[in-house]
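Engineer: Sharing data.cif here; it has mmCIF, C-alpha atoms.
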```cif
data_final
#
loop_
_atom_site.label_atom_id
_atom_site.label_comp_id
_atom_site.auth_asym_id
_atom_site.auth_seq_id
_atom_site.Cartn_x
_atom_site.Cartn_y
_atom_site.Cartn_z
CA MET A 1 112.84 69.02 113.38
CA GLU A 2 111.58 66.13 111.27
CA PHE A 3 108.46 68.15 110.52
CA LEU A 4 110.52 71.21 109.59
CA ALA A 5 112.61 69.17 107.17
CA THR A 6 109.52 68.15 105.17
CA LEU A 7 107.99 71.61 105.20
CA PRO A 8 108.93 72.75 101.65
CA ASN A 9 107.13 69.69 100.28
CA ASN A 10 104.08 69.90 102.50
CA LEU A 11 100.59 70.76 101.32
CA LEU A 12 99.57 72.46 104.58
CA LEU A 13 102.27 75.11 104.32
CA TYR A 14 101.13 76.17 100.85
CA VAL A 15 97.49 76.24 101.92
CA VAL A 16 98.28 78.43 104.94
CA VAL A 17 100.44 80.82 102.92
CA ALA A 18 97.75 81.09 100.23
CA HIS A 19 95.08 81.90 102.81
CA ALA A 20 97.35 84.47 104.48
CA LEU A 21 97.94 86.18 101.13
CA PHE A 22 94.18 86.16 100.48
CA ALA A 23 93.57 87.79 103.87
CA ILE A 24 96.20 90.46 103.16
CA GLY A 25 94.62 91.23 99.81
CA LEU A 26 91.15 91.44 101.35
CA TYR A 27 92.44 93.84 104.00
CA GLY A 28 93.91 96.01 101.26
CA MET A 29 90.62 96.00 99.35
CA LEU A 30 88.86 97.28 102.46
CA PHE A 31 91.35 99.95 103.54
CA ARG A 32 93.16 101.39 100.53
CA ARG A 33 92.06 104.79 99.31
CA THR A 34 92.89 104.79 95.60
CA LEU A 35 91.94 102.74 92.56
CA ILE A 36 95.57 101.74 91.98
CA GLY A 37 95.74 100.49 95.57
CA PHE A 38 92.65 98.41 94.84
CA LEU A 39 94.37 96.93 91.80
CA ILE A 40 97.47 96.01 93.82
CA SER A 41 95.30 94.31 96.47
CA LEU A 42 93.37 92.49 93.76
CA GLU A 43 96.60 91.07 92.35
CA LEU A 44 97.47 89.76 95.81
CA LEU A 45 94.05 88.08 96.09
CA LEU A 46 94.58 86.38 92.73
CA GLN A 47 98.02 85.21 93.85
CA GLY A 48 96.43 83.52 96.87
CA VAL A 49 93.97 81.73 94.62
CA GLY A 50 96.74 80.65 92.26
CA ILE A 51 98.90 79.19 95.03
CA ASN A 52 95.90 77.29 96.38
CA ILE A 53 95.05 75.78 93.00
CA MET A 54 98.67 74.82 92.33
CA ALA A 55 99.11 73.21 95.76
CA PHE A 56 95.90 71.18 95.65
CA GLY A 57 96.45 70.19 92.05
CA THR A 58 100.00 69.10 92.76
CA TYR A 59 99.38 67.05 95.89
CA LEU A 60 95.84 65.72 95.66
CA VAL A 61 95.03 65.27 91.97
CA PRO A 62 96.42 62.33 89.99
CA ASP A 63 97.23 64.50 86.97
CA PRO A 64 99.12 67.64 88.09
CA MET A 65 99.08 69.21 84.62
CA GLN A 66 95.47 70.42 84.97
CA ALA A 67 96.45 72.70 87.85
CA ARG A 68 99.33 74.10 85.79
CA ILE A 69 97.03 74.94 82.90
CA THR A 70 94.41 76.46 85.21
CA THR A 71 97.06 78.65 86.83
CA LEU A 72 98.35 79.77 83.43
CA PHE A 73 94.80 80.76 82.45
CA ILE A 74 94.41 82.67 85.72
CA ILE A 75 97.64 84.56 85.03
CA GLY A 76 96.46 85.45 81.52
CA ILE A 77 93.04 86.61 82.66
CA ALA A 78 94.62 88.66 85.46
CA ALA A 79 96.81 90.43 82.88
CA ALA A 80 93.74 91.32 80.81
CA GLU A 81 91.90 92.53 83.92
CA ALA A 82 94.84 94.71 85.00
CA ALA A 83 94.98 96.33 81.54
CA VAL A 84 91.28 97.20 81.62
CA PHE A 85 91.48 98.41 85.22
CA LEU A 86 94.40 100.73 84.45
CA GLY A 87 92.63 102.11 81.39
CA ILE A 88 89.59 102.89 83.54
CA ALA A 89 91.79 104.47 86.24
CA VAL A 90 93.51 106.75 83.71
CA ALA A 91 90.15 107.75 82.20
CA VAL A 92 88.72 108.49 85.67
CA PHE A 93 91.77 110.57 86.53
CA ARG A 94 91.39 112.57 83.30
CA ASN A 95 87.76 113.33 84.01
CA TYR A 96 87.77 113.90 87.76
CA GLN A 97 91.44 114.79 88.52
CA THR A 98 91.43 112.20 91.32
CA ILE A 99 91.37 108.45 91.77
CA GLY A 100 90.51 108.52 95.47
CA VAL A 101 87.57 106.19 95.93
CA ASP A 102 85.95 108.42 98.54
CA GLU A 103 85.82 111.38 96.16
CA LEU A 104 84.33 109.38 93.29
CA SER A 105 80.77 109.76 94.54
CA LYS A 106 79.02 111.40 91.59
CA LEU A 107 76.56 108.54 91.19
CA LYS A 108 75.73 108.51 94.91
CA GLY A 109 72.24 109.74 95.69
CA MET B 1 129.39 67.74 104.94
CA PHE B 2 128.74 69.26 101.52
CA ASP B 3 125.28 67.72 101.50
CA THR B 4 124.28 69.38 104.74
CA VAL B 5 125.45 72.76 103.46
CA ILE B 6 123.31 72.32 100.35
CA HIS B 7 120.34 71.40 102.55
CA ASP B 8 120.86 74.43 104.78
CA VAL B 9 120.98 76.74 101.77
CA TYR B 10 117.81 75.14 100.42
CA TYR B 11 115.86 75.64 103.65
CA LEU B 12 117.24 79.16 104.05
CA SER B 13 116.16 80.08 100.54
CA PHE B 14 112.71 78.63 101.16
CA ALA B 15 112.36 80.70 104.34
CA MET B 16 113.43 83.77 102.38
CA ILE B 17 110.75 83.05 99.78
CA LEU B 18 108.10 82.87 102.51
CA VAL B 19 109.32 86.14 104.04
CA LEU B 20 109.27 87.74 100.59
CA VAL B 21 105.70 86.62 99.88
CA LEU B 22 104.14 87.64 103.19
CA GLY B 23 106.32 90.69 103.91
CA GLY B 24 105.89 92.02 100.39
CA GLY B 25 102.14 91.57 100.67
CA ILE B 26 102.00 93.39 104.00
CA ILE B 27 104.10 96.26 102.63
CA ALA B 28 101.86 96.39 99.57
CA VAL B 29 98.66 96.90 101.54
CA THR B 30 99.83 98.98 104.52
CA SER B 31 102.43 101.48 103.33
CA LYS B 32 101.41 105.05 102.70
CA SER B 33 103.09 105.80 99.39
CA LEU B 34 101.92 103.98 96.29
CA ILE B 35 105.53 103.56 95.16
CA TYR B 36 106.30 101.45 98.24
CA CYS B 37 103.12 99.50 97.57
CA PHE B 38 104.32 98.84 94.05
CA PHE B 39 107.67 97.48 95.21
CA GLY B 40 105.97 95.36 97.86
CA LEU B 41 103.80 93.89 95.13
CA VAL B 42 106.86 93.12 93.00
CA GLY B 43 108.51 91.34 95.95
CA SER B 44 105.38 89.35 96.70
CA LEU B 45 105.00 88.26 93.07
CA LEU B 46 108.64 87.17 92.94
CA GLY B 47 108.14 85.12 96.09
CA VAL B 48 105.05 83.48 94.61
CA ALA B 49 107.13 82.54 91.57
CA GLY B 50 109.57 80.87 93.98
CA LEU B 51 106.70 78.95 95.56
CA TYR B 52 105.59 77.73 92.13
CA TYR B 53 109.13 76.58 91.46
CA ASN B 54 109.12 74.67 94.73
CA LEU B 55 105.82 73.05 93.75
CA GLY B 56 107.64 71.46 90.84
CA SER B 57 106.62 73.82 88.08
CA PRO B 58 109.44 75.93 86.61
CA LEU B 59 107.21 76.74 83.63
CA VAL B 60 104.54 78.47 85.71
CA ALA B 61 107.24 80.25 87.72
CA VAL B 62 108.80 81.68 84.57
CA MET B 63 105.36 82.62 83.24
CA GLN B 64 104.57 84.35 86.52
CA ILE B 65 107.76 86.42 86.34
CA MET B 66 107.33 87.24 82.66
CA ILE B 67 103.65 88.16 82.73
CA TYR B 68 103.25 89.66 86.19
CA ILE B 69 106.57 91.40 86.78
CA GLY B 70 107.33 92.00 83.13
CA ALA B 71 103.93 93.20 81.98
CA VAL B 72 101.42 93.82 84.75
CA CYS B 73 103.83 95.54 87.15
CA VAL B 74 105.21 97.78 84.40
CA ALA B 75 101.64 98.73 83.53
CA ILE B 76 100.91 99.43 87.21
CA ALA B 77 104.05 101.60 87.40
CA PHE B 78 102.78 103.64 84.44
CA GLY B 79 99.37 103.85 86.09
CA VAL B 80 100.91 105.12 89.33
CA SER B 81 102.96 107.75 87.55
CA LEU B 82 100.07 108.90 85.35
CA THR B 83 97.56 109.28 88.18
CA ARG B 84 99.79 110.42 91.03
CA LYS B 85 98.22 112.81 93.52
CA SER B 86 99.77 112.37 96.89
CA GLU B 87 96.98 113.72 99.08
CA ASP B 88 94.73 110.86 97.97
CA GLU B 89 97.17 108.13 98.92
CA GLY B 90 97.55 106.22 102.14
CA VAL B 91 95.26 103.83 103.96
CA ASN B 92 92.26 104.43 106.13
CA PRO B 93 93.02 103.78 109.81
CA PRO B 94 92.08 100.27 110.92
CA ASP B 95 88.66 99.92 112.51
CA ILE B 96 86.08 97.20 113.04
CA LYS B 97 86.12 96.34 109.34
CA ALA B 98 89.53 94.74 109.82
CA ALA B 99 87.74 91.79 111.43
CA ILE B 100 86.13 90.85 108.10
CA PRO B 101 89.22 89.35 106.38
CA ILE B 102 90.42 87.73 109.60
CA VAL B 103 87.13 86.02 110.39
CA LEU B 104 86.40 85.07 106.79
CA VAL B 105 89.83 83.64 106.08
CA THR B 106 89.99 81.81 109.39
CA ALA B 107 86.67 80.17 108.61
CA MET B 108 87.88 79.25 105.11
CA LEU B 109 91.13 77.85 106.45
CA GLY B 110 89.36 75.87 109.16
CA SER B 111 86.94 74.27 106.75
CA THR B 112 89.74 73.54 104.29
CA LEU B 113 91.85 71.82 106.93
CA LYS B 114 88.81 69.88 108.14
CA GLY B 115 88.13 68.72 104.60
CA LEU B 116 91.77 67.72 104.18
CA GLN B 117 91.69 65.29 107.09
CA GLY B 118 91.75 61.74 105.83
CA ARG B 119 92.76 62.66 102.28
CA HIS B 120 96.06 61.06 101.49
CA ILE B 121 98.72 62.81 99.50
CA VAL B 122 98.95 61.12 96.11
CA ALA B 123 101.96 62.95 94.73
CA SER B 124 105.14 64.74 95.64
CA ALA B 125 106.14 68.03 94.10
CA HIS B 126 109.59 66.82 93.17
CA LYS B 127 108.82 64.15 90.59
CA ILE B 128 106.73 65.93 87.99
CA ASP B 129 107.31 65.77 84.27
CA GLU B 130 106.00 68.95 82.71
CA SER B 131 106.70 68.16 79.10
CA ARG B 132 103.08 67.18 78.39
CA ILE B 133 101.77 70.68 79.03
CA GLY B 134 102.25 71.91 75.46
CA TRP B 135 100.36 68.93 74.05
CA MET B 136 97.54 69.45 76.52
CA LEU B 137 97.30 73.17 75.71
CA LEU B 138 97.06 72.42 71.99
CA LYS B 139 94.74 69.39 72.27
CA GLU B 140 92.25 69.22 75.14
CA TYR B 141 92.49 72.85 76.12
CA LEU B 142 92.72 74.36 72.63
CA LEU B 143 89.41 76.24 72.81
CA PRO B 144 90.07 77.99 76.18
CA PHE B 145 93.59 78.80 74.95
CA GLU B 146 92.27 80.53 71.83
CA ILE B 147 89.51 82.27 73.78
CA ILE B 148 92.12 83.67 76.18
CA SER B 149 94.15 85.04 73.30
CA ILE B 150 91.05 86.77 71.90
CA LEU B 151 90.19 88.04 75.41
CA LEU B 152 93.66 89.55 75.82
CA THR B 153 93.48 91.31 72.46
CA VAL B 154 90.02 92.69 73.15
CA ALA B 155 90.97 93.76 76.69
CA VAL B 156 94.10 95.62 75.62
CA LEU B 157 92.33 97.34 72.72
CA GLY B 158 89.45 98.24 75.03
CA ALA B 159 91.82 99.63 77.66
CA VAL B 160 93.54 101.83 75.06
CA THR B 161 90.17 103.02 73.78
CA ILE B 162 88.89 103.83 77.27
CA ALA B 163 92.09 105.66 78.21
CA LEU B 164 92.01 107.74 75.01
CA ILE B 165 88.49 109.08 75.54
CA ASN B 166 89.11 112.64 76.67
CA ARG B 167 85.66 113.85 77.43
CA ARG B 168 85.10 116.19 80.36
CA ILE B 169 82.21 115.31 82.61
CA GLY B 170 80.81 118.00 84.81
#
```
Go ahead and render the structure in this file as structure tokens.
Structural biologist:
Amino acid sequence: MEFLATLPNNLLLYVVVAHALFAIGLYGMLFRRTLIGFLISLELLLQGVGINIMAFGTYLVPDPMQARITTLFIIGIAAAEAAVFLGIAVAVFRNYQTIGVDELSKLKG
Amino acid sequence: MFDTVIHDVYYLSFAMILVLVLGGGIIAVTSKSLIYCFFGLVGSLLGVAGLYYNLGSPLVAVMQIMIYIGAVCVAIAFGVSLTRKSEDEGVNPPDIKAAIPIVLVTAMLGSTLKGLQGRHIVASAHKIDESRIGWMLLKEYLLPFEIISILLTVAVLGAVTIALINRRIG
């Protein structure tokens, strides 16, 4: 019970949750069938990384502001990446009428 | 009496945040329809914002909600509705490949926990003054800040350009 009471302010909990989110995102990357599904899984992966950086930077680093700034940069770069990814997905759908990753095999030998 | 009620509500809300993060993530990668995936992603991102708030950073939590749920998720919703074709959706049935994330992440977690042994916690999440972050962004981190703004402009313009190319291949 004592352990449970300190759980919201415990580094281990955040590390475990971040790794679980990373595993979920990796599973999605392996098993989804569409480009949009890939994008959703990729966002989950980046969330896992962000939680990890915030937790370590908050609990183990003397200056916690560096982790905040790093996480803000990660959020910004993820927004840029999502914009480019969606542009590519729309262009692929226009040209091939599908975004299923198994059908997009034109470059395969 | 009142104090214990406040504490119970706090722990209950924290448990709900954890359920939101992990349950939303699982819905986002396993459900058949992309619309359910989208809402699972929104729930997971909201929960992550709650975790950031609990780590003592309301600023990053608000940024997470504004940028991810306000911008990225709206863009994903447009992407889903522009490229919808329901026979493509769904997930492949689980096979031996499902061992890859489990093994990899278990190894990562094990090595992380091993490295954490003996490190002592130098800070608590509840006593953090965030008012320096603006100064730091405009002093030490000015160059990365400006580069990110240029990157965002270029990425959005590039995405529009790519999406507007209407050339038929094959």
Engineer: Between A:Leu26, A:Leu35, A:Ile74, A:Val101, which one has atoms that come closest to chain B, using only C-alpha atoms?
Structural biologist: A:Leu26
Engineer: Identify, on the basis of all atoms listed in the file, every residue whose closest approach to segment 52-57 of chain A does not exceed 8 Å; exclude the query and any residue fewer than 2 positions from it along the same chain; express the result as number ranges by chain.
Structural biologist: A: 11, 14-15, 18-19, 48-50, 59-61, 63-68, 70-71; B: 52, 55
Engineer: Generate the output file for the selected residues, C-alpha atoms, as a PDB file, in the coordinates of the input.
Structural biologist:
```
ATOM      1  CA  LEU A  11     100.590  70.760 101.320  1.00  0.00           C
ATOM      2  CA  TYR A  14     101.130  76.170 100.850  1.00  0.00           C
ATOM      3  CA  VAL A  15      97.490  76.240 101.920  1.00  0.00           C
ATOM      4  CA  ALA A  18      97.750  81.090 100.230  1.00  0.00           C
ATOM      5  CA  HIS A  19      95.080  81.900 102.810  1.00  0.00           C
ATOM      6  CA  GLY A  48      96.430  83.520  96.870  1.00  0.00           C
ATOM      7  CA  VAL A  49      93.970  81.730  94.620  1.00  0.00           C
ATOM      8  CA  GLY A  50      96.740  80.650  92.260  1.00  0.00           C
ATOM      9  CA  TYR A  59      99.380  67.050  95.890  1.00  0.00           C
ATOM     10  CA  LEU A  60      95.840  65.720  95.660  1.00  0.00           C
ATOM     11  CA  VAL A  61      95.030  65.270  91.970  1.00  0.00           C
ATOM     12  CA  ASP A  63      97.230  64.500  86.970  1.00  0.00           C
ATOM     13  CA  PRO A  64      99.120  67.640  88.090  1.00  0.00           C
ATOM     14  CA  MET A  65      99.080  69.210  84.620  1.00  0.00           C
ATOM     15  CA  GLN A  66      95.470  70.420  84.970  1.00  0.00           C
ATOM     16  CA  ALA A  67      96.450  72.700  87.850  1.00  0.00           C
ATOM     17  CA  ARG A  68      99.330  74.100  85.790  1.00  0.00           C
ATOM     18  CA  THR A  70      94.410  76.460  85.210  1.00  0.00           C
ATOM     19  CA  THR A  71      97.060  78.650  86.830  1.00  0.00           C
TER      20      THR A  71
ATOM     21  CA  TYR B  52     105.590  77.730  92.130  1.00  0.00           C
ATOM     22  CA  LEU B  55     105.820  73.050  93.750  1.00  0.00           C
TER      23      LEU B  55
END
```
Engineer: Could you work out how far atom CA of Gly56 of chain B lies from atom CA of Asp129 of chain B, giving the answer in Å with one decimal?
Structural biologist: 8.7 Å
Engineer: Check the smallest atom-to-atom distance from each of A:Ile99, A:Leu107, A:Met29, A:Ala82 to Ala75 of chain B using all atoms listed in the file, then report the winner.
Structural biologist: A:Ala82
Engineer: Exactly which residues make up the result of the PyMOL selection byres ((chain A and resi 90-95) around 12) on this file, given as JSON, numbers by chain?
Structural biologist: {"A": [34, 35, 36, 83, 84, 85, 86, 87, 88, 89, 96, 97, 98, 99, 100, 101, 103, 104, 105, 106], "B": [75, 76, 78, 79, 80, 81, 82, 83, 84, 85, 88, 158, 159, 160, 161, 162, 163, 164, 165, 166, 167, 168, 169, 170]}
Engineer: Report as a ChimeraX atom specification all protein, DNA and RNA residues lying within 12 Å of Ile75 of chain A, evaluated on all atoms listed in the file, omitting residues in the same chain fewer than 6 positions from it.
Structural biologist: /A:43-44,46-51,68-69,81-82 /B:45,49,60-69,71-72,148,152
Engineer: Suppose you want the space between atom CA of Trp135 of chain B and atom CA of Gly76 of chain A; what is it in Å?
Structural biologist: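 Between these atoms lies a distance of 18.5 Å.
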Engineer: Atom CA of Arg33 of chain A and atom CA of Leu34 of chain B, how far apart in Å?
Structural biologist: 10.3 Å
Engineer: Just want the 12 Å neighbourhood of Gln117 of chain B, counted on all atoms listed in the file, with same-chain residues fewer than 6 positions away dropped. Output as a short mmCIF file (atom, residue, chain, number, x, y, z; two decimals) with C-alpha atoms, in the frame of the given file.
Structural biologist:
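Resulting contents of part.cif:
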```
data_model
loop_
_atom_site.label_atom_id
_atom_site.label_comp_id
_atom_site.auth_asym_id
_atom_site.auth_seq_id
_atom_site.Cartn_x
_atom_site.Cartn_y
_atom_site.Cartn_z
CA LEU A 11 100.59 70.76 101.32
CA LEU A 12 99.57 72.46 104.58
CA GLY B 110 89.36 75.87 109.16
CA SER B 111 86.94 74.27 106.75
#
```
Engineer: Given the choices A:Gly37, A:Ala5, A:Val17, A:Asp102, which gets closest to Ile17 of chain B if the distance is worked out from only C-alpha atoms?
Structural biologist: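 That would be A:Val17, the residue with the smallest distance to Ile17 of chain B.
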Engineer: Could you name the residues that touch Met16 of chain B at 12 Å or less, counting all atoms listed in the file, but leaving out those on the same chain fewer than 2 positions away, as a list in words?
Structural biologist: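 Once the adjacent positions are removed, what remains is Pro8 of chain A; Val9, Tyr10, Tyr11, Leu12, Ser13, Phe14, Leu18, Val19, Leu20, Val21, Leu22, Gly23, Gly24, Gly43, Ser44, Leu46, Gly47, Val48, Gly50 and Leu51 of chain B.
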Engineer: For Ser31 of chain B, list every protein, DNA or RNA residue within 9 Å, evaluated using only C-alpha atoms, and leave out those in the same chain fewer than 5 positions away; present the list as a list in words.
Structural biologist: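 Returned residues: Ile26, Tyr36, Cys37, Gly40, Gly90 and Val91 of chain B.
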Engineer: Considering only C-alpha atoms, state which residue in the set A:Leu4, A:Leu30, A:Val16, A:Leu39 is at the smallest distance from Ala77 of chain B.
Structural biologist: A:Leu39
Engineer: Is it possible to add N, CA and C atoms to segment 26-59 of chain A and hand it back as a JSON list (two decimals), in the frame of the given file?
Structural biologist:
```json
[["chain", "number", "residue", "atom", "x", "y", "z"],
["A", 26, "LEU", "N", 92.50, 90.99, 100.95],
["A", 26, "LEU", "CA", 91.15, 91.44, 101.35],
["A", 26, "LEU", "C", 91.24, 92.66, 102.25],
["A", 27, "TYR", "N", 92.22, 92.66, 103.15],
["A", 27, "TYR", "CA", 92.44, 93.84, 104.00],
["A", 27, "TYR", "C", 92.74, 95.06, 103.15],
["A", 28, "GLY", "N", 93.59, 94.88, 102.14],
["A", 28, "GLY", "CA", 93.91, 96.01, 101.26],
["A", 28, "GLY", "C", 92.69, 96.50, 100.51],
["A", 29, "MET", "N", 91.83, 95.58, 100.04],
["A", 29, "MET", "CA", 90.62, 96.00, 99.35],
["A", 29, "MET", "C", 89.74, 96.85, 100.26],
["A", 30, "LEU", "N", 89.75, 96.54, 101.56],
["A", 30, "LEU", "CA", 88.86, 97.28, 102.46],
["A", 30, "LEU", "C", 89.44, 98.63, 102.87],
["A", 31, "PHE", "N", 90.78, 98.77, 102.90],
["A", 31, "PHE", "CA", 91.35, 99.95, 103.54],
["A", 31, "PHE", "C", 92.14, 100.86, 102.62],
["A", 32, "ARG", "N", 92.42, 100.47, 101.40],
["A", 32, "ARG", "CA", 93.16, 101.39, 100.53],
["A", 32, "ARG", "C", 92.25, 102.52, 100.09],
["A", 33, "ARG", "N", 92.86, 103.63, 99.67],
["A", 33, "ARG", "CA", 92.06, 104.79, 99.31],
["A", 33, "ARG", "C", 92.02, 105.09, 97.82],
["A", 34, "THR", "N", 92.87, 104.45, 97.02],
["A", 34, "THR", "CA", 92.89, 104.79, 95.60],
["A", 34, "THR", "C", 92.59, 103.57, 94.75],
["A", 35, "LEU", "N", 92.23, 103.85, 93.48],
["A", 35, "LEU", "CA", 91.94, 102.74, 92.56],
["A", 35, "LEU", "C", 93.17, 101.88, 92.31],
["A", 36, "ILE", "N", 94.36, 102.53, 92.22],
["A", 36, "ILE", "CA", 95.57, 101.74, 91.98],
["A", 36, "ILE", "C", 95.85, 100.84, 93.18],
["A", 37, "GLY", "N", 95.59, 101.34, 94.39],
["A", 37, "GLY", "CA", 95.74, 100.49, 95.57],
["A", 37, "GLY", "C", 94.80, 99.30, 95.52],
["A", 38, "PHE", "N", 93.58, 99.53, 95.02],
["A", 38, "PHE", "CA", 92.65, 98.41, 94.84],
["A", 38, "PHE", "C", 93.23, 97.38, 93.89],
["A", 39, "LEU", "N", 93.82, 97.86, 92.79],
["A", 39, "LEU", "CA", 94.37, 96.93, 91.80],
["A", 39, "LEU", "C", 95.49, 96.09, 92.40],
["A", 40, "ILE", "N", 96.36, 96.74, 93.20],
["A", 40, "ILE", "CA", 97.47, 96.01, 93.82],
["A", 40, "ILE", "C", 96.92, 94.94, 94.78],
["A", 41, "SER", "N", 95.88, 95.30, 95.56],
["A", 41, "SER", "CA", 95.30, 94.31, 96.47],
["A", 41, "SER", "C", 94.65, 93.16, 95.70],
["A", 42, "LEU", "N", 94.03, 93.53, 94.56],
["A", 42, "LEU", "CA", 93.37, 92.49, 93.76],
["A", 42, "LEU", "C", 94.38, 91.49, 93.22],
["A", 43, "GLU", "N", 95.56, 92.00, 92.82],
["A", 43, "GLU", "CA", 96.60, 91.07, 92.35],
["A", 43, "GLU", "C", 97.01, 90.12, 93.47],
["A", 44, "LEU", "N", 97.09, 90.64, 94.70],
["A", 44, "LEU", "CA", 97.47, 89.76, 95.81],
["A", 44, "LEU", "C", 96.41, 88.68, 96.04],
["A", 45, "LEU", "N", 95.12, 89.07, 95.95],
["A", 45, "LEU", "CA", 94.05, 88.08, 96.09],
["A", 45, "LEU", "C", 94.20, 86.98, 95.04],
["A", 46, "LEU", "N", 94.45, 87.39, 93.79],
["A", 46, "LEU", "CA", 94.58, 86.38, 92.73],
["A", 46, "LEU", "C", 95.78, 85.49, 92.95],
["A", 47, "GLN", "N", 96.86, 86.04, 93.54],
["A", 47, "GLN", "CA", 98.02, 85.21, 93.85],
["A", 47, "GLN", "C", 97.65, 84.13, 94.86],
["A", 48, "GLY", "N", 96.87, 84.52, 95.88],
["A", 48, "GLY", "CA", 96.43, 83.52, 96.87],
["A", 48, "GLY", "C", 95.66, 82.40, 96.21],
["A", 49, "VAL", "N", 94.75, 82.76, 95.31],
["A", 49, "VAL", "CA", 93.97, 81.73, 94.62],
["A", 49, "VAL", "C", 94.88, 80.83, 93.79],
["A", 50, "GLY", "N", 95.85, 81.44, 93.10],
["A", 50, "GLY", "CA", 96.74, 80.65, 92.26],
["A", 50, "GLY", "C", 97.57, 79.67, 93.05],
["A", 51, "ILE", "N", 98.10, 80.12, 94.20],
["A", 51, "ILE", "CA", 98.90, 79.19, 95.03],
["A", 51, "ILE", "C", 98.03, 78.03, 95.51],
["A", 52, "ASN", "N", 96.79, 78.34, 95.91],
["A", 52, "ASN", "CA", 95.90, 77.29, 96.38],
["A", 52, "ASN", "C", 95.66, 76.25, 95.29],
["A", 53, "ILE", "N", 95.35, 76.72, 94.08],
["A", 53, "ILE", "CA", 95.05, 75.78, 93.00],
["A", 53, "ILE", "C", 96.27, 74.93, 92.68],
["A", 54, "MET", "N", 97.45, 75.58, 92.63],
["A", 54, "MET", "CA", 98.67, 74.82, 92.33],
["A", 54, "MET", "C", 98.96, 73.78, 93.41],
["A", 55, "ALA", "N", 98.78, 74.15, 94.69],
["A", 55, "ALA", "CA", 99.11, 73.21, 95.76],
["A", 55, "ALA", "C", 98.15, 72.02, 95.74],
["A", 56, "PHE", "N", 96.85, 72.30, 95.66],
["A", 56, "PHE", "CA", 95.90, 71.18, 95.65],
["A", 56, "PHE", "C", 96.08, 70.31, 94.41],
["A", 57, "GLY", "N", 96.28, 70.97, 93.27],
["A", 57, "GLY", "CA", 96.45, 70.19, 92.05],
["A", 57, "GLY", "C", 97.71, 69.37, 92.05],
["A", 58, "THR", "N", 98.76, 69.86, 92.74],
["A", 58, "THR", "CA", 100.00, 69.10, 92.76],
["A", 58, "THR", "C", 99.91, 67.90, 93.70],
["A", 59, "TYR", "N", 99.29, 68.11, 94.87],
["A", 59, "TYR", "CA", 99.38, 67.05, 95.89],
["A", 59, "TYR", "C", 98.19, 66.11, 95.91]]
```
